[in-house]
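Printed here is upload32.txt (compact mmCIF, C-alpha atoms):
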```
# COMPACT_ATOMS: atom_id res chain seq x y z
CA MET A 254 133.04 111.24 105.23
CA ALA A 255 131.13 114.21 103.83
CA LYS A 256 128.83 116.01 106.27
CA LYS A 257 125.17 115.26 105.63
CA LYS A 258 122.95 118.22 104.82
CA PRO A 259 119.62 118.48 106.68
CA LEU A 260 116.48 117.51 104.84
CA SER A 261 114.24 120.34 103.75
CA VAL A 262 111.46 120.85 106.28
CA GLU A 263 109.19 121.88 103.42
CA LEU A 264 109.29 118.44 101.86
CA GLU A 265 107.81 115.09 102.80
CA PRO A 266 110.95 112.95 102.51
CA SER A 267 110.72 109.56 100.89
CA TYR A 268 111.63 106.34 102.67
CA PHE A 269 115.03 106.26 100.97
CA GLN A 270 115.72 109.95 101.57
CA LEU A 271 115.16 109.38 105.28
CA GLN A 272 117.48 106.37 105.34
CA ALA A 273 120.20 108.30 103.52
CA TYR A 274 119.78 111.27 105.87
CA TRP A 275 120.11 109.47 109.18
CA GLY A 276 122.45 106.77 107.91
CA ALA A 277 120.43 103.73 108.91
CA THR A 278 119.04 101.01 106.68
CA LYS A 279 117.59 97.61 107.47
CA HIS A 280 116.18 94.60 105.75
CA MET A 281 113.79 92.01 107.10
CA GLY A 282 115.50 89.26 109.04
CA GLY A 283 118.51 91.43 109.86
CA LEU A 284 121.94 89.81 110.02
CA LYS A 285 120.29 86.45 110.63
CA ALA A 286 118.95 86.58 107.07
CA THR A 287 122.27 87.90 105.77
CA ASN A 288 124.14 84.99 107.35
CA GLU A 289 121.65 82.62 105.76
CA LEU A 290 122.43 84.14 102.36
CA ILE A 291 126.14 83.81 103.04
CA GLN A 292 125.79 80.14 103.89
CA LEU A 293 123.50 79.21 101.01
CA CYS A 294 125.60 81.15 98.49
CA HIS A 295 128.73 79.30 99.70
CA ILE A 296 130.60 82.52 100.43
CA THR A 297 134.03 81.67 101.78
CA LYS A 298 137.47 83.23 102.15
CA ASN A 299 139.04 85.02 99.18
CA LYS A 300 135.85 85.13 97.12
CA HIS A 301 134.74 88.26 95.23
CA ILE A 302 131.16 89.17 96.10
CA LEU A 303 128.77 91.76 94.69
CA ASP A 304 126.27 93.32 97.08
CA ILE A 305 123.52 95.07 95.15
CA GLY A 306 121.84 97.94 96.96
CA CYS A 307 124.37 98.21 99.77
CA GLY A 308 122.55 100.99 101.62
CA THR A 309 124.65 102.26 104.52
CA GLY A 310 127.05 99.35 104.24
CA ILE A 311 125.86 96.84 106.82
CA THR A 312 125.86 93.80 104.52
CA PRO A 313 129.09 94.37 102.55
CA THR A 314 131.15 95.22 105.63
CA HIS A 315 129.73 92.25 107.51
CA ILE A 316 130.63 89.87 104.67
CA ALA A 317 134.10 91.33 104.18
CA ARG A 318 134.89 91.34 107.90
CA THR A 319 133.55 87.93 108.90
CA HIS A 320 134.47 85.92 105.79
CA HIS A 321 137.66 87.68 104.65
CA THR A 322 136.32 88.36 101.18
CA THR A 323 136.45 91.23 98.74
CA VAL A 324 133.06 92.85 98.31
CA THR A 325 131.94 95.28 95.63
CA ALA A 326 129.19 97.41 97.16
CA LEU A 327 126.79 98.96 94.68
CA ASP A 328 123.98 101.46 95.22
CA ILE A 329 122.07 103.87 93.04
CA SER A 330 122.37 106.55 95.74
CA PRO A 331 125.69 108.44 96.10
CA LYS A 332 124.73 109.25 99.71
CA MET A 333 124.46 105.56 100.55
CA ILE A 334 127.88 104.95 99.01
CA LEU A 335 129.32 107.67 101.27
CA TRP A 336 127.86 105.97 104.35
CA THR A 337 129.29 102.63 103.23
CA LYS A 338 132.69 104.19 102.62
CA GLY A 339 132.71 105.62 106.14
CA LYS A 340 131.64 102.34 107.71
CA ALA A 341 134.28 100.33 105.86
CA LYS A 342 136.97 102.83 106.89
CA LYS A 343 135.83 102.77 110.53
CA GLU A 344 136.01 98.95 110.55
CA HIS A 345 139.48 99.01 108.92
CA ILE A 346 138.38 97.04 105.87
CA ALA A 347 138.30 99.82 103.28
CA ASP A 348 140.70 97.81 101.12
CA LYS A 349 138.19 94.95 101.06
CA VAL A 350 135.10 96.97 100.09
CA HIS A 351 134.97 98.49 96.61
CA LEU A 352 132.28 101.11 95.98
CA ILE A 353 130.31 102.04 92.90
CA VAL A 354 127.18 104.05 92.06
CA ALA A 355 125.12 102.15 89.51
CA ASP A 356 121.68 100.83 88.58
CA ALA A 357 120.93 97.20 89.46
CA GLN A 358 119.15 96.81 86.13
CA ASN A 359 122.25 97.80 84.15
CA LEU A 360 125.34 96.53 85.94
CA PRO A 361 128.67 98.03 84.77
CA PHE A 362 130.62 94.78 85.00
CA LYS A 363 131.84 92.23 82.52
CA ASP A 364 130.22 88.82 82.28
CA ALA A 365 131.13 86.16 84.86
CA HIS A 366 132.93 88.59 87.15
CA PHE A 367 131.79 87.62 90.68
CA ASP A 368 131.75 84.41 92.68
CA ALA A 369 128.38 85.32 94.16
CA VAL A 370 125.81 88.11 94.01
CA VAL A 371 123.62 89.01 96.97
CA CYS A 372 120.77 91.48 97.13
CA GLU A 373 118.60 92.37 100.12
CA SER A 374 115.36 94.34 99.90
CA VAL A 375 116.26 95.94 96.58
CA THR A 376 114.85 93.82 93.76
CA VAL A 377 111.35 94.49 95.10
CA PHE A 378 111.82 98.12 94.00
CA LEU A 379 113.10 97.46 90.48
CA GLN A 380 110.82 98.49 87.64
CA ASP A 381 111.92 95.45 85.65
CA LYS A 382 112.69 92.66 88.09
CA GLN A 383 113.45 90.11 85.40
CA GLN A 384 116.01 92.39 83.82
CA GLY A 385 117.57 92.84 87.24
CA LEU A 386 117.80 89.08 87.83
CA ASP A 387 119.22 88.56 84.36
CA GLU A 388 121.92 91.11 85.16
CA TYR A 389 122.73 89.45 88.47
CA VAL A 390 123.18 86.14 86.69
CA ARG A 391 125.18 87.64 83.83
CA VAL A 392 127.90 88.98 86.13
CA THR A 393 128.07 85.76 88.20
CA LYS A 394 130.69 83.15 87.34
CA PRO A 395 129.48 79.76 86.09
CA GLY A 396 128.80 77.61 89.13
CA GLY A 397 128.38 80.70 91.32
CA TYR A 398 125.31 81.68 93.30
CA VAL A 399 122.76 84.48 93.32
CA GLY A 400 120.95 85.10 96.61
CA LEU A 401 118.02 87.37 97.39
CA ASN A 402 116.30 88.43 100.59
CA GLU A 403 113.06 90.11 99.53
CA GLY A 404 109.67 91.09 100.91
CA THR A 405 107.13 88.39 100.11
CA TRP A 406 103.37 88.03 100.23
CA ASN A 407 102.89 84.94 102.37
CA LYS A 408 99.11 85.18 102.02
CA THR A 409 97.22 86.55 99.03
CA PRO A 410 95.43 88.60 98.07
CA PRO A 411 96.59 91.28 100.49
CA PRO A 412 93.82 93.58 101.73
CA ALA A 413 93.51 97.00 100.08
CA GLU A 414 94.36 98.82 103.32
CA LEU A 415 97.69 96.98 103.56
CA VAL A 416 98.58 97.63 99.92
CA LYS A 417 97.79 101.32 100.46
CA TYR A 418 99.90 101.42 103.61
CA MET A 419 102.89 99.78 101.93
CA ALA A 420 102.62 102.18 98.98
CA GLY A 421 102.59 105.08 101.44
CA ILE A 422 105.84 103.90 103.01
CA PHE A 423 107.81 102.72 100.01
CA GLY A 424 106.11 104.45 97.11
CA THR A 425 104.11 102.91 94.32
CA GLU A 426 107.25 101.50 92.68
CA ALA A 427 107.56 98.79 95.34
CA GLU A 428 105.99 95.54 94.13
CA PHE A 429 105.99 92.61 96.53
CA LEU A 430 105.69 89.13 95.05
CA THR A 431 104.70 85.69 96.27
CA SER A 432 107.42 83.11 96.86
CA GLN A 433 106.38 81.30 93.68
CA GLU A 434 106.68 84.51 91.67
CA TRP A 435 110.15 85.15 93.08
CA GLU A 436 111.23 81.61 92.27
CA ASN A 437 109.82 81.97 88.75
CA LEU A 438 112.10 84.96 88.21
CA LEU A 439 115.10 82.89 89.27
CA GLU A 440 114.08 80.03 87.02
CA THR A 441 113.51 82.29 84.01
CA SER A 442 116.96 83.81 84.50
CA GLY A 443 118.46 80.31 84.22
CA LEU A 444 119.34 79.67 87.86
CA ARG A 445 119.34 76.05 88.96
CA ASP A 446 119.51 74.17 92.28
CA ARG A 447 117.14 76.72 93.74
CA THR A 448 116.45 77.08 97.45
CA VAL A 449 113.38 78.93 98.74
CA ARG A 450 112.76 79.70 102.41
CA THR A 451 109.95 81.98 103.53
CA TYR A 452 109.39 83.59 106.91
CA THR A 453 106.62 85.45 108.67
CA ILE A 454 107.23 88.79 110.33
CA ASN A 455 107.66 89.05 114.07
CA LEU A 456 107.60 92.78 114.83
CA PRO A 457 109.52 92.61 118.16
CA LYS A 458 112.20 90.44 116.54
CA GLU A 459 112.42 92.78 113.55
CA PHE A 460 113.06 95.67 115.93
CA ILE A 461 115.82 93.67 117.63
CA TYR A 462 117.29 92.66 114.25
CA GLY A 463 117.38 96.31 113.20
CA PHE A 464 119.07 97.35 116.43
CA ARG A 465 121.69 94.60 116.21
CA GLN A 466 122.71 95.69 112.72
CA LEU A 467 123.96 99.00 114.12
CA ASP A 468 126.73 99.57 116.60
CA LEU A 469 126.04 101.96 119.47
CA LYS A 470 127.57 104.97 117.71
CA ASP A 471 125.61 104.39 114.49
CA PHE A 472 122.39 103.85 116.43
CA SER A 473 122.92 107.01 118.51
CA ARG A 474 123.61 109.07 115.40
CA ALA A 475 120.54 107.79 113.59
CA LEU A 476 118.34 108.35 116.64
CA TYR A 477 119.68 111.88 117.12
CA ARG A 478 119.00 112.80 113.50
CA PHE A 479 115.51 111.33 113.67
CA LEU A 480 114.61 113.19 116.87
CA ALA A 481 116.10 116.46 115.66
CA LEU A 482 114.05 116.34 112.49
CA TYR A 483 110.93 115.26 114.37
CA ILE A 484 111.25 118.18 116.80
CA THR A 485 112.09 120.89 114.27
CA SER A 486 109.87 119.95 111.32
CA PRO A 487 106.05 119.94 111.58
CA THR A 488 105.91 118.47 108.09
CA PHE A 489 108.13 115.59 109.13
CA ARG A 490 106.08 114.94 112.28
CA ARG A 491 102.90 114.82 110.24
CA THR A 492 104.51 112.51 107.70
CA ILE A 493 105.70 110.06 110.36
CA LYS A 494 102.34 110.00 112.14
CA GLU A 495 100.22 109.66 109.01
CA ARG A 496 102.50 107.47 106.91
CA TYR A 497 103.94 105.09 109.50
CA ILE A 498 102.01 105.14 112.76
CA ARG A 499 98.33 105.90 112.40
CA ARG A 500 97.75 103.83 109.30
CA LEU A 501 99.60 100.64 110.30
CA PRO A 502 97.14 97.73 109.90
CA ILE A 503 98.99 95.45 112.31
CA LYS A 504 96.98 92.23 111.92
CA PRO A 505 96.90 92.23 108.06
CA PHE A 506 100.58 93.24 108.06
CA ILE A 507 101.60 90.23 110.15
CA GLU A 508 99.24 87.81 108.41
CA HIS A 509 100.08 88.67 104.80
CA LEU A 510 103.61 90.07 104.59
CA GLY A 511 106.85 88.27 105.25
CA TYR A 512 110.20 87.82 103.57
CA GLY A 513 111.91 85.11 101.61
CA ILE A 514 115.43 83.83 100.99
CA TYR A 515 115.81 82.86 97.34
CA ILE A 516 118.98 81.17 96.10
CA GLY A 517 119.94 79.85 92.70
CA ARG A 518 123.10 78.54 91.09
CA LYS A 519 124.34 79.58 87.67
CA GLN A 520 124.94 76.64 85.39
CA ALA A 521 128.59 75.64 85.23
CA ALA A 522 130.32 76.04 81.90
```
Structure translated into structure tokens:
Amino acid sequence: MAKKKPLSVELEPSYFQLQAYWGATKHMGGLKATNELIQLCHITKNKHILDIGCGTGITPTHIARTHHTTVTALDISPKMILWTKGKAKKEHIADKVHLIVADAQNLPFKDAHFDAVVCESVTVFLQDKQQGLDEYVRVTKPGGYVGLNEGTWNKTPPPAELVKYMAGIFGTEAEFLTSQEWENLLETSGLRDRTVRTYTINLPKEFIYGFRQLDLKDFSRALYRFLALYITSPTFRRTIKERYIRRLPIKPFIEHLGYGIYIGRKQAA
């Protein structure tokens, strides 16, 4: 795997730049949520699955390894694809994980190509969410499933301080929806037999979920890169303190924000 170049200490790295640098991504609910998607999307042996926004490869390698499937892992970031490639090789399933750099809103696949499409903490960042859902459905085989795990407003309206905090972390392009709004997207895209499950955030559990997604080597590498950057870069230290620590409105965060599992089935031909 290609050696990662250090981030510029003169810049305030974005959330995704940081993840790509230290090789660690997470989604709310961790592998517990991923396994729920697997179950509800009826992912079984010898299926062909598309994972949209694969990040550092946790979800596609988990699916390929535990369910003996072929997974196409897609991400808009070439750096994330490199991390996924390395993880699949390390777990001896490189032949089961196909990699591609592409935009979720314009998928480079023919119609009805996959048995199921899963997407975790990605659709929330799409400029045109409906176009993204329509693309997910287009490349799914008739009778197949589309499954999302996405950040969800469990209580609305969210307070201004929380909206500002979330924008500071993820950027203004992130748009969280209510569970009804997420389900409406699935319905508009033609998905039937929909399942919606929403969850509140438990911060200690989320920390544990994040830790469990990484093996010891991956966790040590990510921690080392984080600490090295924190020690050597005053700009990075200021960014972490101001963007993530000092401004965290804990009570509104827990009360208003959660995540949802959204499943729909494409109509059979």
(request) Give me, please, the distance in Å between CA of Cys294 in chain A and CA of Asp368 in chain A, quoted to one decimal. (result) 9.1 Å
(message) (130.7, 92.2, 104.8) in this file's frame - what residues fall within 12 Å of it? Use all atoms listed in the file and give the answer as a PyMOL selection string.
(response) chain A and resi 284+287-288+290-291+296-298+300-304+307+309-326+337+340-341+344-347+349-351+371+466
(request) Measuring atom to atom with only C-alpha atoms, identify which of A:Gly385, A:Gly306, A:Pro505, A:Gly421 is nearest to Cys372 in chain A. (result) A:Gly306
(request) Dig up all the protein and nucleic acid residues within 9 Å of (120.0, 73.5, 82.9) in the file frame, using only C-alpha atoms, and format them as a list in words. (result)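 Here the neighbourhood of the point contains Gly443, Leu444, Arg445, Lys519 and Gln520 of chain A.
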Could you give me, as a Markdown table, a per-residue list for range 314-420 of chain A showing, wherever an atom lies at most 12 Å from an atom of range 265-274 of chain A, the closest pair of atoms and their distance in Å to one decimal, using only C-alpha atoms and sorting by chain then residue number from low to high?
```
| residue | atom | partner | partner_atom | distance |
| --- | --- | --- | --- | --- |
| A:Asp328 | CA | A:Ala273 | CA | 11.4 |
| A:Ile329 | CA | A:Phe269 | CA | 10.9 |
| A:Ser330 | CA | A:Ala273 | CA | 8.3 |
| A:Pro331 | CA | A:Ala273 | CA | 9.2 |
| A:Lys332 | CA | A:Ala273 | CA | 6.0 |
| A:Met333 | CA | A:Ala273 | CA | 5.9 |
| A:Ile334 | CA | A:Ala273 | CA | 9.5 |
| A:Leu335 | CA | A:Ala273 | CA | 9.4 |
| A:Trp336 | CA | A:Ala273 | CA | 8.0 |
| A:Thr337 | CA | A:Ala273 | CA | 10.7 |
| A:Ser374 | CA | A:Phe269 | CA | 12.0 |
| A:Val375 | CA | A:Phe269 | CA | 11.3 |
| A:Phe378 | CA | A:Phe269 | CA | 11.2 |
| A:Met419 | CA | A:Tyr268 | CA | 11.0 |
| A:Ala420 | CA | A:Tyr268 | CA | 10.6 |
```
(request) Identify, on the basis of all atoms listed in the file, every residue whose closest approach to Phe506 in chain A does not exceed 10 Å; exclude the query and any residue fewer than 2 positions from it along the same chain; express the result as a list in words. (result)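 Neighbouring residues, sequence-local ones excluded: Trp406, Pro411, Pro412, Glu414, Leu415, Val416, Tyr418, Met419, Thr453, Ile454, Leu456, Leu501, Pro502, Ile503, Lys504, Glu508, His509, Leu510 and Gly511 of chain A.
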(request) Find, counting only C-alpha atoms, the residue in A:Ile493, A:Thr393, A:Leu327, A:Lys382 that gets nearest to Phe479 in chain A. (result)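 Using only C-alpha atoms, the shortest distance to Phe479 in chain A belongs to A:Ile493.
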(request) Would you work out the distance separating CA of Asp348 in chain A from CA of Lys470 in chain A, expressed in Å to one decimal? (result) 22.3 Å
(request) Choose the residue, out of A:Ala355, A:Gln292, A:Lys279, A:Val399, that has the smallest atom-to-atom separation from Asp446 in chain A; count all atoms listed in the file. (result) A:Val399
(request) Fewer than 2 positions away in the same chain doesn't count, so skip those; otherwise give me all residues within 10 Å of Lys363 in chain A, counting only C-alpha atoms, as a list in words. (result)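 The residues that qualify are Leu360, Pro361, Ala365, His366, Phe367, Arg391, Val392 and Thr393 of chain A.
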(request) Compare A:Asp356, A:Glu289, A:Glu428, A:Asp364 by their minimum atom-to-atom distance to Ile516 in chain A, counting all atoms listed in the file, and give me the closest one. (result)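 Counting all atoms listed in the file, the residue closest to Ile516 in chain A is A:Glu289.
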(message) List as a list of chain:residue names the protein and nucleic acid residues near Gln380 in chain A, meaning an atom at most 12 Å away when all atoms listed in the file are counted, but skip any in the same chain fewer than 4 places from it.
(response)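 Selected residues are A:Asp356, A:Ala357, A:Gln358, A:Asn359, A:Val375, A:Thr376, A:Gln384, A:Gly385, A:Leu386, A:Thr425, A:Glu426, A:Ala427, A:Glu428, A:Phe429.
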(message) Between A:Asp471, A:Asp381, A:Asp387, A:Glu403, which residue has the minimum interatomic distance to Tyr515 in chain A, considering all atoms listed in the file?
(response)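 For Tyr515 in chain A, the nearest of the given residues is A:Glu403.
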(request) Report the distance between CA of Phe472 in chain A and CA of Thr278 in chain A in Å, rounded to one decimal place. (result)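 These two atoms are separated by 10.7 Å.
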With N, CA and C atoms as the goal, would you fill in the gaps in range 327-355 of chain A and present it as a PDB file, in the frame of the given file?
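Okay, this is what ended up in rebuild15.pdb:
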```pdb
ATOM      1  N   LEU A 327     127.411  98.142  95.717  1.00  0.00           N
ATOM      2  CA  LEU A 327     126.790  98.960  94.680  1.00  0.00           C
ATOM      3  C   LEU A 327     125.486  99.559  95.207  1.00  0.00           C
ATOM      4  N   ASP A 328     125.248 100.822  94.889  1.00  0.00           N
ATOM      5  CA  ASP A 328     123.980 101.460  95.220  1.00  0.00           C
ATOM      6  C   ASP A 328     123.701 102.557  94.208  1.00  0.00           C
ATOM      7  N   ILE A 329     122.431 102.825  93.987  1.00  0.00           N
ATOM      8  CA  ILE A 329     122.070 103.870  93.040  1.00  0.00           C
ATOM      9  C   ILE A 329     122.188 105.252  93.665  1.00  0.00           C
ATOM     10  N   SER A 330     122.296 105.289  95.014  1.00  0.00           N
ATOM     11  CA  SER A 330     122.370 106.550  95.740  1.00  0.00           C
ATOM     12  C   SER A 330     123.803 106.891  96.139  1.00  0.00           C
ATOM     13  N   PRO A 331     124.343 108.032  95.674  1.00  0.00           N
ATOM     14  CA  PRO A 331     125.690 108.440  96.100  1.00  0.00           C
ATOM     15  C   PRO A 331     125.790 108.631  97.610  1.00  0.00           C
ATOM     16  N   LYS A 332     124.701 109.060  98.258  1.00  0.00           N
ATOM     17  CA  LYS A 332     124.730 109.250  99.710  1.00  0.00           C
ATOM     18  C   LYS A 332     124.931 107.926 100.432  1.00  0.00           C
ATOM     19  N   MET A 333     124.284 106.876  99.930  1.00  0.00           N
ATOM     20  CA  MET A 333     124.460 105.560 100.550  1.00  0.00           C
ATOM     21  C   MET A 333     125.900 105.072 100.386  1.00  0.00           C
ATOM     22  N   ILE A 334     126.490 105.349  99.249  1.00  0.00           N
ATOM     23  CA  ILE A 334     127.880 104.950  99.010  1.00  0.00           C
ATOM     24  C   ILE A 334     128.812 105.668  99.989  1.00  0.00           C
ATOM     25  N   LEU A 335     128.519 106.935 100.306  1.00  0.00           N
ATOM     26  CA  LEU A 335     129.320 107.670 101.270  1.00  0.00           C
ATOM     27  C   LEU A 335     129.231 107.043 102.669  1.00  0.00           C
ATOM     28  N   TRP A 336     128.020 106.632 103.057  1.00  0.00           N
ATOM     29  CA  TRP A 336     127.860 105.970 104.350  1.00  0.00           C
ATOM     30  C   TRP A 336     128.645 104.661 104.389  1.00  0.00           C
ATOM     31  N   THR A 337     128.571 103.905 103.294  1.00  0.00           N
ATOM     32  CA  THR A 337     129.290 102.630 103.230  1.00  0.00           C
ATOM     33  C   THR A 337     130.802 102.856 103.291  1.00  0.00           C
ATOM     34  N   LYS A 338     131.258 103.870 102.598  1.00  0.00           N
ATOM     35  CA  LYS A 338     132.690 104.190 102.620  1.00  0.00           C
ATOM     36  C   LYS A 338     133.151 104.493 104.042  1.00  0.00           C
ATOM     37  N   GLY A 339     132.356 105.292 104.767  1.00  0.00           N
ATOM     38  CA  GLY A 339     132.710 105.620 106.140  1.00  0.00           C
ATOM     39  C   GLY A 339     132.701 104.417 107.058  1.00  0.00           C
ATOM     40  N   LYS A 340     131.735 103.537 106.871  1.00  0.00           N
ATOM     41  CA  LYS A 340     131.640 102.340 107.710  1.00  0.00           C
ATOM     42  C   LYS A 340     132.811 101.404 107.448  1.00  0.00           C
ATOM     43  N   ALA A 341     133.151 101.209 106.190  1.00  0.00           N
ATOM     44  CA  ALA A 341     134.280 100.330 105.860  1.00  0.00           C
ATOM     45  C   ALA A 341     135.589 100.886 106.415  1.00  0.00           C
ATOM     46  N   LYS A 342     135.746 102.210 106.353  1.00  0.00           N
ATOM     47  CA  LYS A 342     136.970 102.830 106.890  1.00  0.00           C
ATOM     48  C   LYS A 342     137.016 102.670 108.401  1.00  0.00           C
ATOM     49  N   LYS A 343     135.879 102.880 109.070  1.00  0.00           N
ATOM     50  CA  LYS A 343     135.830 102.770 110.530  1.00  0.00           C
ATOM     51  C   LYS A 343     136.165 101.349 110.986  1.00  0.00           C
ATOM     52  N   GLU A 344     135.770 100.347 110.176  1.00  0.00           N
ATOM     53  CA  GLU A 344     136.010  98.950 110.550  1.00  0.00           C
ATOM     54  C   GLU A 344     137.342  98.427 109.999  1.00  0.00           C
ATOM     55  N   HIS A 345     138.130  99.329 109.406  1.00  0.00           N
ATOM     56  CA  HIS A 345     139.480  99.010 108.920  1.00  0.00           C
ATOM     57  C   HIS A 345     139.462  97.928 107.831  1.00  0.00           C
ATOM     58  N   ILE A 346     138.448  97.990 106.990  1.00  0.00           N
ATOM     59  CA  ILE A 346     138.380  97.040 105.870  1.00  0.00           C
ATOM     60  C   ILE A 346     138.118  97.771 104.546  1.00  0.00           C
ATOM     61  N   ALA A 347     138.545  99.036 104.489  1.00  0.00           N
ATOM     62  CA  ALA A 347     138.300  99.820 103.280  1.00  0.00           C
ATOM     63  C   ALA A 347     138.937  99.188 102.048  1.00  0.00           C
ATOM     64  N   ASP A 348     140.037  98.461 102.242  1.00  0.00           N
ATOM     65  CA  ASP A 348     140.700  97.810 101.120  1.00  0.00           C
ATOM     66  C   ASP A 348     139.936  96.591 100.628  1.00  0.00           C
ATOM     67  N   LYS A 349     138.968  96.127 101.425  1.00  0.00           N
ATOM     68  CA  LYS A 349     138.190  94.950 101.060  1.00  0.00           C
ATOM     69  C   LYS A 349     136.820  95.298 100.476  1.00  0.00           C
ATOM     70  N   VAL A 350     136.425  96.560 100.545  1.00  0.00           N
ATOM     71  CA  VAL A 350     135.100  96.970 100.090  1.00  0.00           C
ATOM     72  C   VAL A 350     135.243  98.006  98.974  1.00  0.00           C
ATOM     73  N   HIS A 351     134.909  97.606  97.768  1.00  0.00           N
ATOM     74  CA  HIS A 351     134.970  98.490  96.610  1.00  0.00           C
ATOM     75  C   HIS A 351     133.582  99.101  96.382  1.00  0.00           C
ATOM     76  N   LEU A 352     133.544 100.375  96.031  1.00  0.00           N
ATOM     77  CA  LEU A 352     132.280 101.110  95.980  1.00  0.00           C
ATOM     78  C   LEU A 352     131.980 101.616  94.583  1.00  0.00           C
ATOM     79  N   ILE A 353     130.698 101.551  94.217  1.00  0.00           N
ATOM     80  CA  ILE A 353     130.310 102.040  92.900  1.00  0.00           C
ATOM     81  C   ILE A 353     128.841 102.471  92.908  1.00  0.00           C
ATOM     82  N   VAL A 354     128.559 103.580  92.249  1.00  0.00           N
ATOM     83  CA  VAL A 354     127.180 104.050  92.060  1.00  0.00           C
ATOM     84  C   VAL A 354     126.702 103.507  90.726  1.00  0.00           C
ATOM     85  N   ALA A 355     125.621 102.748  90.745  1.00  0.00           N
ATOM     86  CA  ALA A 355     125.120 102.150  89.510  1.00  0.00           C
ATOM     87  C   ALA A 355     123.703 101.644  89.712  1.00  0.00           C
TER      88      ALA A 355
END
```
